[in-house]
Protein chains: 4
Amino acid sequence: MVRVGIVGISGYSGETALKLLLNHPQVRITYVSANNTTGKIDDILPSLNGRTNLTCEKYNAQQAIALCDVLILAVPHTIAQQITPGLLKAKKKVIDLSADYRLKDPNVFKKWYGTAHTDTTNLKKAAYGLPELYRSDIKKATLVANPGCYPTSAILSLAPLVAAKTEGIKSIIIDAKSGVSGAGKKAALALMFSEVNENFKAYKVFAHQHTPEITTYLSKLAGKNIELTFITHLIPINRGILETAYVQFAGAVEAKTLHDLYTKFYKKEKFIRLLKLGQQPETKNVLGTNFCDIAISVSENKKLAVITSAIDNLMKGASGQAVQNLNIMCGFDETAGLL
Amino acid sequence: MVRVGIVGISGYSGETALKLLLNHPQVRITYVSANNTTGKIDDILPSLNGRTNLTCEKYNAQQAIALCDVLILAVPHTIAQQITPGLLKAKKKVIDLSADYRLKDPNVFKKWYGTAHTDTTNLKKAAYGLPELYRSDIKKATLVANPGCYPTSAILSLAPLVAAKTEGIKSIIIDAKSGVSGAGKKAALALMFSEVNENFKAYKVFAHQHTPEITTYLSKLAGKNIELTFITHLIPINRGILETAYVQFAGAVEAKTLHDLYTKFYKKEKFIRLLKLGQQPETKNVLGTNFCDIAISVSENKKLAVITSAIDNLMKGASGQAVQNLNIMCGFDETAGLL
Amino acid sequence: MVRVGIVGISGYSGETALKLLLNHPQVRITYVSANNTTGKIDDILPSLNGRTNLTCEKYNAQQAIALCDVLILAVPHTIAQQITPGLLKAKKKVIDLSADYRLKDPNVFKKWYGTAHTDTTNLKKAAYGLPELYRSDIKKATLVANPGCYPTSAILSLAPLVAAKTEGIKSIIIDAKSGVSGAGKKAALALMFSEVNENFKAYKVFAHQHTPEITTYLSKLAGKNIELTFITHLIPINRGILETAYVQFAGAVEAKTLHDLYTKFYKKEKFIRLLKLGQQPETKNVLGTNFCDIAISVSENKKLAVITSAIDNLMKGASGQAVQNLNIMCGFDETAGLL
Amino acid sequence: MVRVGIVGISGYSGETALKLLLNHPQVRITYVSANNTTGKIDDILPSLNGRTNLTCEKYNAQQAIALCDVLILAVPHTIAQQITPGLLKAKKKVIDLSADYRLKDPNVFKKWYGTAHTDTTNLKKAAYGLPELYRSDIKKATLVANPGCYPTSAILSLAPLVAAKTEGIKSIIIDAKSGVSGAGKKAALALMFSEVNENFKAYKVFAHQHTPEITTYLSKLAGKNIELTFITHLIPINRGILETAYVQFAGAVEAKTLHDLYTKFYKKEKFIRLLKLGQQPETKNVLGTNFCDIAISVSENKKLAVITSAIDNLMKGASGQAVQNLNIMCGFDETAGLL
């Protein structure tokens with residue numbers, strides 16, 4: 001049994017990680033912490049009342065190190081940078097759900113997150129925790145940067161196309177829509193029920209911090225700079241992301257050809273479900289699962305493909321993927337605790 | 001044209017009052033204020049963009065007095081007590097949507113609102129703004145205490161029964177359910193979309209501050225002390241209250257007899273819709289209207305009546321009723337601006 | 001491994017049973033059927049795409065008998081009566097999620113379900129599948145009538161009180177609220193999104209078919225006839241039931257006394273979570289779980305108790321409870337596949 | 001007072017038209033019909049209980065002609081074609097909310113609606129009822145084809161750009177999202193609450209029947225053939241459309257230049273609200289109004305503009321626009337009954 005600690009269980013992804021790991025056959029949760037809520041899990045997370053005897057405390061590095069082999073960090077960005085160096089020094093494995101170790105270039109981090117990176121040494125070593133693309137890196141890593149929710153769906157939906165060095169891609173536009181839990185568990189007027197319910201809007205237009213994460217990893221795959229447009233919208237649902245990617249081609253493409261390409265690319269992947277031509281993903285079909293559902297459609301003139309993809313933002317978009325990474329890092333079956 | 005000012009337009013009831021009065025044929029809105037948001041209405045209330053040239057300022061008593069004949073206060077309780085005395089002194093009419101002038105007994109106010117009342121003089125003079133019961137008082141009043149949302153539905157649904165001094169009422173239980181806008185426009189974790197959506201719960205059990213308002217006015221009607229149980233629940237919708245009142249009788253009652261009683265009691269009321277036997281109110285049918293829909297059902301053994309009632313908490317439960325009161329105070333047609 | 005078949009997987013409870021049993025360590029699903037949808041599970045239940053190779057066929061008794069040890073019937077009422085006799089004859093165990101075997105008196109069945117019962121022989125033998133009350137019966141049973149969703153919450157929330165033969169209960173009123181999946185998966189105008197969303201209403205007032213089920217089993221527990229009022233409402237959420245039970249007493253009761261009574265009654269129960277005094281259940285806390293959360297509150301005058309209870313109507317209110325019953329019938333750990 | 005009849009009040013747009021016209025100062029509703037529901041409005045449209053004495057009957061052409069000057073048709077497509085010729089012959093004015101008279105080319109109609117057009121004579125004469133573009137046609141028309149909901153938002157958001165014959169537009173992609181009432185009031189499994197709520201998906205990918213309507217009228221404006229991609233999604237809300245249009249340019253564009261272009265184009269339009277740079281439309285801000293809110297954003301490299309637009313699909317997207325057209329046809333103030 002691997003001893004796992006979760007730092008930051010008062011947020012949605014921390015709570016989801018805890019729920020998942022309580023059912024993981026090879027994991028024992030030995031430590032949980034949060035900085036604004038402490039006490040018995042029974043009391044602070046009523047949905048888990050009766051499921052565990054764990055007590056949540058304010059984060060204490062020494063204790064975390066003493067009690068755990070692996071730490072899952074579900075803390076706000078900038079906090080992970082402060083915690084991680086000590087944990088790595090103590091030879092612990094770390095899976096960070098924040099944005100802190102995703103962007104390799106500290107300048108890009110600073111531009112989009114508004115603050116200088118304080119742990120550039122480990123930033124270099126971190127593996128990007130998208131198993132479908134970086135499984136072997138993750139296997140060897142001691143620090144895994146768990147991808148953002150939007151980038152997970154975006155990159156998975158475009159990776160086969162980009163990796164194939166497909167000629168003639170003229171433009172990529174991703175119209176992304178997310179449920180509200182993606183914004184985290186915090187009191188903010190714009191996230192109140194009466195403001196979000198029965199409403200739909202675009203937000204952070206041309207300014208969403210996940211943009212560079214998407215372009216960085218698609219560019220790496222392509223072996224050249226990929227430019228794309230990424231616009232986000234808020235859906236009045238709790239959980240779920242659906243992204244509609246528009247790829248324009250110089251020449252004609254066949255739906256079947258693309259479908260074959262994706263089939264091959266994801267042949268061995270347990271958490272990618274490529275839908276049959278004609279079907280469409282729906283967020284409810286991935287709710288509570290670690291699946292990413294992907295569908296391909298091609299326009300009548302064959303010059304544009306629409307790739308739709310759906311994930312549960314707290315599962316494949318956060319904690320489910322963290323458990324998948326944990327499984328890889330620890331040599332477990334990749335689906336352990338996830339099906 | 002009567003000159004009306006609205007104090008507190010940044011909340012839901014202030015905004016709703018503004019929307020209603022923009023369409024009122026005999027009203028000119030001459031003043032709007034809020035303490036945490038100022039600027040052109042175009043900018044601060046995007047749903048009213050293009051509808052008015054009004055500018056919202058921080059509350060200034062002198063200006064309010066100079067510009068208005070009637071003031072509608074849509075401010076938090078305790079604030080209304082501070083503002084009202086000055087306005088009344090300046091011979092202005094005041095309609096207060098807060099709880100400040102509803103409970104005649106300052107001790108009861110203190111018990112439920114946690115703070116001593118600071119304007120007990122005007123408290124005595126205030127008319128309770130439920131037109132169906134206190135129309136003549138409202139007509140003569142300079143200060144009207146607009147009823148709470150829950151009490152409006154509760155009192156209207158039980159008034160005919162209680163006023164008839166019906167013998168043999170053994171108990172009254174009101175199981176009340178409200179949409180989220182009833183909690184006001186403020187950032188609070190418990191009111192966040194992800195916490196309220198796909199959820200249902202009771203709250204403030206035996207502790208809702210609207211309880212004494214309901215018992216006070218039903219007792220007045222009955223001419224004796226009425227005790228009842230009042231429990232509130234949160235519905236994941238923006239607007240709407242549905243209350244299910246259970247009235248137990250010592251002897252047998254006939255549905256038709258009760259229906260006739262209610263029909264007679266509300267015969268001339270424009271905003272009460274007594275449904276036919278067998279029909280049930282739904283919050284969507286009163287959405288955006290000033291109606292209170294009421295239905296009566298009687299159990300097989302005839303010893304229990306279920307009275308269901310529905311209102312829009314921001315309309316008949318707040319700003320719609322405020323406009324109805326304004327119409328009465330100003331001698332306008334009672335439905336002006338409301339149909 | 002026990003071989004289990006699910007009859008009726010196109011409805012919500014059939015699908016939920018399938019999802020649960022795919023993760024059950026001691027169960028192999030060997031047969032699934034539905035009458036209006038057939039084909040690979042991958043195609044007909046997209047949320048389970050990739051999870052199983054099962055193929056759904058039209059119901060065929062011979063095959064069901066040949067392939068299964070236990071059959072879970074998730075079919076409409078009246079259909080279960082037709083299927084069950086053959087299965088029992090073939091020595092199969094049956095767990096019926098429909099209403100067919102819940103009411104012992106065929107006349108009561110006829111009154112509330114509008115059709116004569118056609119299998120009164122087995123009706124007599126069926127165990128009522130509420131494990132917290134009938135565990136030993138279920139253990140020995142070959143036919144288990146899985147309780148209705150509303151009755152599960154209602155009976156569990158009142159059982160300790162009623163079983164204690166508590167003196168002086170003057171009346172019981174249950175104000176029940178349910179999410180929409182309780183109505184089943186069928187196209188009906190009243191269940192359309194645009195009709196249900198942003199709406200709240202009471203329905204089937206004094207006419208809900210679950211009423212006699214609740215009174216039957218509470219009366220059995222009490223050893224005398226229990227009368228109560230049961231009124232149902234529709235919440236605009238997918239899953240979840242919250243019931244608010246009002247119990248009036250002749251004398252005074254103490255919250256702590258009641259709480260102790262419940263604590264003792266449910267001491268060994270894994271799926272009952274009695275909340276601390278002052279806490280309230282919320283449907284989201286039981287979502288996707290087999291828990292029933294119960295809270296007790298007592299009025300200031302101590303003559304009325306409010307017992308609130310919450311379940312997930314598709315879990316403890318249907319398929320979760322069916323799995324719990326399966327576990328008991330097969331001698332498995334009662335929580336297998338459910339935590 | 002103009003005498004107006006509404007044919008098809010049992011659907012959402014018919015009901016909305018009725019609600020609007022009950023408050024219209026220059027209109028008397030003299031006739032209402034529906035084919036599957038008849039009776040007093042009080043009984044069949046509970047939200048309008050007490051608002052009118054109208055009785056709804058099965059459609060009868062003779063009566064419609066005898067009682068009305070103008071007919072609003074809120075019937076399914078293909079039905080309008082059958083009714084209209086008789087009404088026009090009798091010198092009545094007709095505003096058709098169905099798709100029947102929108103597409104000038106009967107072959108295009110047949111391709112997308114699956115049935116041959118049976119009234120090609122009047123098809124030629126019909127004015128396209130988008131006042132911002134065709135006001136003078138509408139003024140003279142006896143038959144107005146009220147635009148589709150998606151096309152209203154799409155065309156209004158792109159018209160200034162296209163009409164300006166802007167050079168260098170390389171591609172247009174419209175990612176459209178709509179609330180559920182757009183699908184009409186009918187029982188269908190895919191539109192049930194439990195299927196739509198907490199879900200998001202694309203539908204009719206490359207196959208939405210509104211596509212040719214958008215291209216037809218944008219092409220007319222441009223004076224050349226406009227090709228574009230139009231993909232639709234379902235939002236779990238009752239009312240509201242938000243469209244995100246991506247316009248790629250060969251050269252660089254400035255946000256301010258585009259904003260000025262739109263400002264000028266819509267200078268006199270009462271129902272177009274061009275938002276300031278940096279603001280975004282939200283469906284809730286247009287809910288219940290006839291406004292179309294439009295915002296412009298330009299990418300950092302200035303080669304792509306994102307034009308977002310929001311309407312209430314039952315107002316500017318259907319019945320509100322029908323009333324606007326009625327006002328124009330009858331010489332009333334264009335905003336009568338709409339503010």
# chains A, B, ... in the order shown; residues from 1 in each chain; ligands from 1

$ residues_around --residues "Gly14 in chain A" --least-positions-apart "2" --cutoff "12 Å" --atoms "only C-alpha atoms" --output "compact mmCIF listing (two decimals) with all heavy atoms, in the first residue's frame"
# COMPACT_ATOMS: atom_id res chain seq x y z
N GLY A 5 -0.88 11.46 0.70
CA GLY A 5 -1.43 12.62 1.39
C GLY A 5 -2.07 13.57 0.39
O GLY A 5 -1.60 13.68 -0.75
N ILE A 6 -3.14 14.22 0.82
CA ILE A 6 -3.78 15.21 -0.05
C ILE A 6 -3.73 16.56 0.66
O ILE A 6 -4.25 16.71 1.77
CB ILE A 6 -5.25 14.84 -0.34
CG1 ILE A 6 -5.33 13.43 -0.95
CG2 ILE A 6 -5.89 15.85 -1.29
CD1 ILE A 6 -6.75 12.87 -1.02
N VAL A 7 -3.10 17.51 0.00
CA VAL A 7 -2.97 18.85 0.56
C VAL A 7 -4.01 19.75 -0.10
O VAL A 7 -3.97 19.98 -1.31
CB VAL A 7 -1.55 19.40 0.32
CG1 VAL A 7 -1.40 20.79 0.94
CG2 VAL A 7 -0.51 18.44 0.88
N GLY A 8 -4.97 20.22 0.69
CA GLY A 8 -6.01 21.11 0.13
C GLY A 8 -7.31 20.38 -0.15
O GLY A 8 -7.81 20.41 -1.28
N ILE A 9 -7.88 19.74 0.87
CA ILE A 9 -9.10 18.97 0.62
C ILE A 9 -10.36 19.82 0.72
O ILE A 9 -11.47 19.30 0.53
CB ILE A 9 -9.25 17.78 1.60
CG1 ILE A 9 -9.24 18.29 3.04
CG2 ILE A 9 -8.20 16.73 1.37
CD1 ILE A 9 -10.07 17.42 3.93
N SER A 10 -10.24 21.10 0.99
CA SER A 10 -11.47 21.90 1.10
C SER A 10 -11.97 22.37 -0.26
O SER A 10 -13.10 22.83 -0.38
CB SER A 10 -11.24 23.09 2.03
OG SER A 10 -10.20 23.90 1.53
N GLY A 11 -11.16 22.26 -1.29
CA GLY A 11 -11.61 22.61 -2.64
C GLY A 11 -12.24 21.41 -3.34
O GLY A 11 -12.20 20.29 -2.83
N TYR A 12 -12.82 21.65 -4.51
CA TYR A 12 -13.51 20.57 -5.20
C TYR A 12 -12.56 19.47 -5.68
O TYR A 12 -12.89 18.29 -5.63
CB TYR A 12 -14.31 21.11 -6.39
CG TYR A 12 -15.44 22.01 -5.96
CD1 TYR A 12 -15.59 23.29 -6.48
CD2 TYR A 12 -16.37 21.58 -5.03
CE1 TYR A 12 -16.62 24.13 -6.07
CE2 TYR A 12 -17.41 22.41 -4.61
CZ TYR A 12 -17.53 23.68 -5.14
OH TYR A 12 -18.55 24.49 -4.74
N THR A 16 -12.55 15.59 -4.43
CA THR A 16 -12.72 14.53 -5.42
C THR A 16 -11.58 13.52 -5.33
O THR A 16 -11.80 12.29 -5.43
CB THR A 16 -12.80 15.14 -6.83
OG1 THR A 16 -13.86 16.10 -6.85
CG2 THR A 16 -13.08 14.07 -7.89
N ALA A 17 -10.37 14.01 -5.15
CA ALA A 17 -9.22 13.10 -5.01
C ALA A 17 -9.41 12.20 -3.78
O ALA A 17 -9.16 10.99 -3.84
CB ALA A 17 -7.92 13.91 -4.87
N LEU A 18 -9.87 12.79 -2.70
CA LEU A 18 -10.10 12.01 -1.49
C LEU A 18 -11.13 10.92 -1.72
O LEU A 18 -10.92 9.75 -1.38
CB LEU A 18 -10.55 12.97 -0.37
CG LEU A 18 -10.89 12.38 0.99
CD1 LEU A 18 -9.76 11.50 1.52
CD2 LEU A 18 -11.20 13.49 1.99
N LYS A 19 -12.23 11.27 -2.37
CA LYS A 19 -13.29 10.31 -2.68
C LYS A 19 -12.73 9.16 -3.51
O LYS A 19 -13.01 7.98 -3.24
CB LYS A 19 -14.40 11.01 -3.48
CG LYS A 19 -15.74 11.03 -2.76
CD LYS A 19 -16.80 11.79 -3.54
CE LYS A 19 -17.22 13.02 -2.74
NZ LYS A 19 -18.56 13.51 -3.13
N LEU A 20 -11.96 9.48 -4.51
CA LEU A 20 -11.41 8.44 -5.39
C LEU A 20 -10.45 7.53 -4.64
O LEU A 20 -10.50 6.30 -4.77
CB LEU A 20 -10.68 9.09 -6.58
CG LEU A 20 -11.56 9.74 -7.64
CD1 LEU A 20 -10.70 10.53 -8.62
CD2 LEU A 20 -12.36 8.68 -8.40
N LEU A 21 -9.58 8.14 -3.85
CA LEU A 21 -8.54 7.33 -3.21
C LEU A 21 -9.08 6.47 -2.07
O LEU A 21 -8.49 5.43 -1.75
CB LEU A 21 -7.39 8.24 -2.74
CG LEU A 21 -6.62 8.88 -3.90
CD1 LEU A 21 -5.51 9.77 -3.36
CD2 LEU A 21 -6.03 7.82 -4.84
N VAL A 32 -4.28 14.35 5.35
CA VAL A 32 -5.07 15.34 4.61
C VAL A 32 -4.96 16.68 5.32
O VAL A 32 -4.95 16.75 6.54
CB VAL A 32 -6.57 14.95 4.49
CG1 VAL A 32 -6.76 13.73 3.60
CG2 VAL A 32 -7.20 14.69 5.86
N SER A 33 -4.88 17.74 4.52
CA SER A 33 -4.78 19.06 5.13
C SER A 33 -5.55 20.10 4.33
O SER A 33 -5.90 19.88 3.17
CB SER A 33 -3.31 19.48 5.22
OG SER A 33 -2.86 19.92 3.95
N ALA A 34 -5.82 21.18 4.97
CA ALA A 34 -6.44 22.34 4.34
C ALA A 34 -6.13 23.53 5.23
O ALA A 34 -5.93 23.35 6.44
CB ALA A 34 -7.95 22.17 4.21
N LEU A 45 -16.56 17.48 5.44
CA LEU A 45 -17.02 17.06 4.11
C LEU A 45 -18.20 16.12 4.30
O LEU A 45 -18.05 14.89 4.27
CB LEU A 45 -15.88 16.38 3.34
CG LEU A 45 -14.68 17.24 2.97
CD1 LEU A 45 -13.59 16.41 2.31
CD2 LEU A 45 -15.09 18.40 2.06
N CYS A 56 -8.49 16.43 9.25
CA CYS A 56 -7.83 17.42 8.39
C CYS A 56 -7.17 18.49 9.25
O CYS A 56 -7.81 19.05 10.15
CB CYS A 56 -8.88 18.03 7.47
SG CYS A 56 -8.29 19.42 6.52
N LEU A 71 2.47 12.87 -2.41
CA LEU A 71 1.61 13.99 -2.03
C LEU A 71 0.86 14.50 -3.24
O LEU A 71 1.48 14.75 -4.29
CB LEU A 71 2.43 15.15 -1.45
CG LEU A 71 2.76 15.15 0.05
CD1 LEU A 71 1.48 15.24 0.89
CD2 LEU A 71 3.59 13.95 0.45
N ILE A 72 -0.45 14.66 -3.09
CA ILE A 72 -1.25 15.30 -4.14
C ILE A 72 -1.55 16.71 -3.66
O ILE A 72 -2.15 16.90 -2.59
CB ILE A 72 -2.55 14.50 -4.38
CG1 ILE A 72 -2.20 13.15 -5.00
CG2 ILE A 72 -3.50 15.28 -5.28
CD1 ILE A 72 -3.38 12.24 -5.26
N LEU A 73 -1.13 17.67 -4.45
CA LEU A 73 -1.34 19.07 -4.07
C LEU A 73 -2.56 19.63 -4.79
O LEU A 73 -2.56 19.75 -6.01
CB LEU A 73 -0.11 19.91 -4.39
CG LEU A 73 1.24 19.40 -3.86
CD1 LEU A 73 2.34 20.44 -4.15
CD2 LEU A 73 1.17 19.09 -2.38
N ALA A 74 -3.58 19.95 -4.03
CA ALA A 74 -4.79 20.55 -4.60
C ALA A 74 -4.93 21.94 -4.01
O ALA A 74 -5.94 22.28 -3.41
CB ALA A 74 -6.00 19.67 -4.30
N VAL A 75 -3.89 22.71 -4.20
CA VAL A 75 -3.81 24.05 -3.61
C VAL A 75 -3.83 25.10 -4.71
O VAL A 75 -3.60 24.78 -5.88
CB VAL A 75 -2.51 24.20 -2.78
CG1 VAL A 75 -2.53 23.24 -1.59
CG2 VAL A 75 -1.28 23.94 -3.66
N PRO A 76 -4.11 26.35 -4.38
CA PRO A 76 -4.08 27.41 -5.40
C PRO A 76 -2.67 27.56 -5.99
O PRO A 76 -1.68 27.21 -5.35
CB PRO A 76 -4.44 28.69 -4.61
CG PRO A 76 -5.11 28.21 -3.37
CD PRO A 76 -4.48 26.87 -3.05
N ILE A 95 2.33 15.15 -7.00
CA ILE A 95 1.44 15.41 -8.14
C ILE A 95 0.75 16.72 -7.83
O ILE A 95 -0.02 16.83 -6.88
CB ILE A 95 0.41 14.28 -8.31
CG1 ILE A 95 1.13 12.96 -8.55
CG2 ILE A 95 -0.55 14.60 -9.46
CD1 ILE A 95 0.22 11.74 -8.43
N ASP A 96 1.04 17.72 -8.67
CA ASP A 96 0.53 19.06 -8.39
C ASP A 96 -0.63 19.40 -9.32
O ASP A 96 -0.46 19.44 -10.54
CB ASP A 96 1.68 20.07 -8.58
CG ASP A 96 1.17 21.51 -8.47
OD1 ASP A 96 0.16 21.73 -7.78
OD2 ASP A 96 1.80 22.40 -9.09
N LEU A 97 -1.78 19.63 -8.74
CA LEU A 97 -2.96 19.97 -9.56
C LEU A 97 -3.03 21.45 -9.91
O LEU A 97 -3.87 21.85 -10.71
CB LEU A 97 -4.26 19.56 -8.84
CG LEU A 97 -4.66 18.09 -9.00
CD1 LEU A 97 -3.87 17.20 -8.10
CD2 LEU A 97 -6.14 17.91 -8.79
N SER A 98 -2.18 22.25 -9.32
CA SER A 98 -2.22 23.68 -9.65
C SER A 98 -1.49 23.93 -10.97
O SER A 98 -0.99 23.01 -11.61
CB SER A 98 -1.54 24.49 -8.53
OG SER A 98 -0.15 24.60 -8.75
N GLY A 184 -13.46 26.69 -9.06
CA GLY A 184 -13.05 26.48 -7.67
C GLY A 184 -14.15 26.79 -6.68
O GLY A 184 -15.22 27.29 -7.06
N LYS A 185 -13.86 26.49 -5.42
CA LYS A 185 -14.86 26.63 -4.35
C LYS A 185 -14.55 27.89 -3.58
O LYS A 185 -13.77 27.87 -2.62
CB LYS A 185 -14.76 25.40 -3.44
CG LYS A 185 -15.88 25.25 -2.42
CD LYS A 185 -15.74 23.89 -1.76
CE LYS A 185 -16.70 23.65 -0.64
NZ LYS A 185 -16.49 22.29 -0.09
N LEU A 314 -13.55 17.73 -13.05
CA LEU A 314 -12.94 17.33 -11.77
C LEU A 314 -12.33 15.93 -11.84
O LEU A 314 -11.63 15.52 -10.93
CB LEU A 314 -13.99 17.39 -10.65
CG LEU A 314 -14.49 18.79 -10.29
CD1 LEU A 314 -15.54 18.71 -9.18
CD2 LEU A 314 -13.33 19.67 -9.83
N MET A 315 -12.59 15.19 -12.92
CA MET A 315 -12.05 13.84 -13.05
C MET A 315 -10.88 13.85 -14.04
O MET A 315 -9.76 14.13 -13.66
CB MET A 315 -13.17 12.88 -13.48
CG MET A 315 -14.21 12.66 -12.38
SD MET A 315 -13.53 11.72 -10.97
CE MET A 315 -13.16 10.15 -11.77
N ALA A 318 -8.90 16.90 -13.67
CA ALA A 318 -8.19 17.22 -12.41
C ALA A 318 -7.86 15.94 -11.63
O ALA A 318 -6.85 15.30 -11.89
CB ALA A 318 -9.00 18.21 -11.57
N SER A 319 -8.72 15.56 -10.71
CA SER A 319 -8.35 14.52 -9.74
C SER A 319 -8.33 13.12 -10.32
O SER A 319 -7.54 12.28 -9.88
CB SER A 319 -9.32 14.58 -8.56
OG SER A 319 -9.36 15.90 -8.06
N GLY A 320 -9.20 12.83 -11.27
CA GLY A 320 -9.15 11.51 -11.91
C GLY A 320 -7.82 11.34 -12.61
O GLY A 320 -7.14 10.31 -12.49
N ALA A 322 -5.13 12.89 -11.87
CA ALA A 322 -4.09 12.80 -10.83
C ALA A 322 -3.95 11.35 -10.36
O ALA A 322 -2.83 10.86 -10.14
CB ALA A 322 -4.44 13.72 -9.66
N VAL A 323 -5.07 10.66 -10.19
CA VAL A 323 -5.02 9.26 -9.77
C VAL A 323 -4.41 8.40 -10.89
O VAL A 323 -3.60 7.51 -10.63
CB VAL A 323 -6.42 8.75 -9.38
CG1 VAL A 323 -6.40 7.25 -9.12
CG2 VAL A 323 -6.91 9.50 -8.13

$ interface_residues --of "chain C" --to "chain B" --cutoff "6 Å" --atoms "only C-alpha atoms" --output "list in words"
Glu198, Asn199, Phe200, Lys201, Ile237, Glu282, Thr283 and Lys284 of chain C

$ write_last_selection --atoms "N, CA and C atoms" --output "mmCIF file, in the first residue's frame"
data_model
loop_
_atom_site.group_PDB
_atom_site.id
_atom_site.type_symbol
_atom_site.label_atom_id
_atom_site.label_comp_id
_atom_site.auth_asym_id
_atom_site.auth_seq_id
_atom_site.Cartn_x
_atom_site.Cartn_y
_atom_site.Cartn_z
ATOM 1 N N GLU C 198 -36.543 25.724 -13.433
ATOM 2 C CA GLU C 198 -37.007 27.016 -12.893
ATOM 3 C C GLU C 198 -38.468 26.931 -12.474
ATOM 4 N N ASN C 199 -38.863 25.807 -11.943
ATOM 5 C CA ASN C 199 -40.234 25.623 -11.502
ATOM 6 C C ASN C 199 -40.252 24.751 -10.253
ATOM 7 N N PHE C 200 -41.306 24.853 -9.488
ATOM 8 C CA PHE C 200 -41.499 24.009 -8.307
ATOM 9 C C PHE C 200 -42.999 23.903 -8.081
ATOM 10 N N LYS C 201 -43.455 22.706 -7.783
ATOM 11 C CA LYS C 201 -44.894 22.500 -7.572
ATOM 12 C C LYS C 201 -45.144 21.259 -6.732
ATOM 13 N N ILE C 237 -34.099 19.053 -10.056
ATOM 14 C CA ILE C 237 -32.774 18.432 -10.019
ATOM 15 C C ILE C 237 -32.943 17.025 -10.586
ATOM 16 N N GLU C 282 -28.544 17.334 3.100
ATOM 17 C CA GLU C 282 -28.694 17.987 1.802
ATOM 18 C C GLU C 282 -28.634 16.871 0.765
ATOM 19 N N THR C 283 -29.432 16.984 -0.270
ATOM 20 C CA THR C 283 -29.438 15.886 -1.248
ATOM 21 C C THR C 283 -28.062 15.691 -1.883
ATOM 22 N N LYS C 284 -27.293 16.753 -2.045
ATOM 23 C CA LYS C 284 -25.988 16.594 -2.699
ATOM 24 C C LYS C 284 -25.034 15.733 -1.878
#

$ select_by_dssp --residues "range 133-181 of chain D" --states "strand (DSSP E or B)" --output "PyMOL selection string"
chain D and resi 143-145+169-178

$ write_last_selection --atoms "C-alpha atoms" --output "PDB file, in the first residue's frame"
ATOM      1  CA  LEU D 143     -46.600  38.751 -45.475  1.00  0.00           C
ATOM      2  CA  VAL D 144     -43.591  38.828 -43.197  1.00  0.00           C
ATOM      3  CA  ALA D 145     -41.396  35.797 -42.620  1.00  0.00           C
ATOM      4  CA  ILE D 169     -12.565  38.070 -44.559  1.00  0.00           C
ATOM      5  CA  LYS D 170     -11.058  34.611 -44.859  1.00  0.00           C
ATOM      6  CA  SER D 171     -13.533  32.572 -42.886  1.00  0.00           C
ATOM      7  CA  ILE D 172     -16.528  32.809 -40.596  1.00  0.00           C
ATOM      8  CA  ILE D 173     -17.330  30.223 -37.953  1.00  0.00           C
ATOM      9  CA  ILE D 174     -20.379  30.576 -35.726  1.00  0.00           C
ATOM     10  CA  ASP D 175     -20.422  28.505 -32.567  1.00  0.00           C
ATOM     11  CA  ALA D 176     -24.035  28.849 -31.415  1.00  0.00           C
ATOM     12  CA  LYS D 177     -25.630  27.838 -28.127  1.00  0.00           C
ATOM     13  CA  SER D 178     -29.337  27.845 -27.337  1.00  0.00           C
TER      14      SER D 178
END

$ residues_around --residues "Leu22 in chain B" --least-positions-apart "4" --cutoff "8 Å" --atoms "only C-alpha atoms" --output "list in words"
Leu18, Val27, Arg28, Ile29, Arg51 and Thr52 of chain B

$ residues_around --residues "range 150-159 of chain B" --least-positions-apart "2" --cutoff "7 Å" --atoms "only C-alpha atoms" --output "VMD selection string"
chain B and resid 147 to 148 161 to 163 210 213 to 214 218 243 294 307 309 to 311 317

$ atom_distance --atom1 "CA of Pro25 in chain D" --atom2 "CA of Leu54 in chain D"
17.4 Å

$ select_by_dssp --residues "range 86-213 of chain B" --states "helix (DSSP H, G or I)" --output "count of residues only"
57
